[in-house]
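The next block holds one structure in the form of structure tokens; read it before the comments.
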Amino acid sequence: MRYLLLPAALLCLALAPPLHAQEAPSPGGPPPPSSAAGPQKIEGLDTETIKVNVNLVNVYFSVRDKNGYITNLHKDDCSIYENKELQKTKNFTQEKNLPLTIGILLDTSGSQMNVLPMEQQAGAEFLKDVLTPKDEAFLISFDINVDLLADYTNSPREIKRAIDKAQINTGAGTGSVTGNGQARGTLLYDAVYLAAHDKLRQEAGRKILVLLTDGGDQGSQETIKTATEAAQKANAIVYVILIADRGFYSGFGMGYSGDSDMEKLAKDTGGRVINVGNNGKKLQDAFNQIQDELRTQYLASYTPTNFKIDGTFRTLNITCQAGQKIQARKGYYALADSADNN
């Protein structure tokens, strides 16, 4: 059992049946319906959504040049390489209207006390702008615990109510930056792992996680490696909005070092890090950038020349026209369970 130290609510989640039936993705169809009610609280809780299904791999990616995003590419304009071997592209479409499943992960540790109100306002506005009736979102907070504040919903109002209730949790007692001498700390990696593995893995279509955090992790049972792998296996793109009250760290005589791990997590899953400091305008701009990327994504599909479903990690590289920058996941796991590779 991975989470022996976590509360019973989390263990129930890990042992419970999947929230959704295992369905193959249909490019253009909605995610499986959320017919089963998920738990209302989870405590203590390699890379876009790629699916190997009937030996078909789907890759979402965006393309930019010095003038912005490119939205008029065709199948012959781009090439896909798996483990450095050229693949034959079968389908190539722009998927700005494909349904989205969005997980918002909100850092509510003590270091975020001065920036939480900004995060709440900007996060709620983002979901209000981006969610359509065919999309779904959920909200998780993480500190010394991991809590599911809102389960799958397509209601921005419901998410806003949940995000407005989020509170800083520093635990009891003194002796650490979390206010608890024996605290587990900030369970960032655990939150990413559980959001990807327990919430997104069974979903079809485009899946993203948006982390609002300073990038610091203390006490997670998962690591940056296992959290990244979970996101890759769920075919979820991770965007990190790095929002940090650097004064908090200097006040404790500590250095700040959350950037590098967050760069790896985002890059390996096909997302990116947007550093906004503690500036509310930059935070709003960061959410606008993510929206722009979601509206300009392409979906390419191919049958891999290596047809073995052996659980190995396959590297991916996409090239398009000269001078164009591709943003895509770095690879995928060829898993035996088709639902795990979606």
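Residue numbers start at 1 in each chain; chains themselves are named A, B, ... in the order of the structure tokens; ligands are numbered from 1 in the order shown.
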I'd like a table as JSON lines: residues in stretch 115-138 of chain A with an atom no more than 12 Å from stretch 219-242 of chain A, each row giving the shortest atom pair and its distance in Å to one decimal, only C-alpha atoms counted, sorted by chain and rising residue number.
{"residue": "A:Val115", "atom": "CA", "partner": "A:Leu242", "partner_atom": "CA", "distance": 11.2}
{"residue": "A:Glu119", "atom": "CA", "partner": "A:Ile241", "partner_atom": "CA", "distance": 9.7}
{"residue": "A:Ala122", "atom": "CA", "partner": "A:Ile241", "partner_atom": "CA", "distance": 11.2}
{"residue": "A:Gly123", "atom": "CA", "partner": "A:Ile241", "partner_atom": "CA", "distance": 10.6}
With only C-alpha atoms as the counted atoms, please give the residues lying no more than 9 Å from stretch 61-70 of chain A, apart from itself and same-chain residues fewer than 4 positions off, as a count of residues only. 19
Write out as a PyMOL selection string which residues come within 10 Å of stretch 136-140 of chain A when counting only C-alpha atoms, dropping same-chain ones fewer than 6 positions away. chain A and resi 30-31+33-34+41-42+45+99-108+127+146-156+158-160+162-163+166+191-192+194-195+199+207-211
Can you work out which one of A:Asp77, A:Glu125, A:Asp164, A:Glu82 has the shortest atom-to-atom distance to A:Asn306, counting only C-alpha atoms?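 Nearest candidate to A:Asn306 out of A:Asp77, A:Glu125, A:Asp164, A:Glu82: A:Glu82.
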Run DSSP on the backbone and tell me which residues of stretch 86-286 of chain A come out as helix (DSSP H, G or I); list them as a ChimeraX atom specification. /A:110-112,116-130,156-164,188-200,224-233,246-251,259-268,280-286
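The residue that comes closest to A:Leu86, out of A:Thr305, A:Asn169, A:Gln321, A:Ser109 and on the basis of only C-alpha atoms, is A:Thr305.
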Just give me the gap between atom CA of A:Gly216 and atom CA of A:Ala196 in Å, one decimal is fine.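 Rounded to one decimal, the two atoms are 18.8 Å apart.
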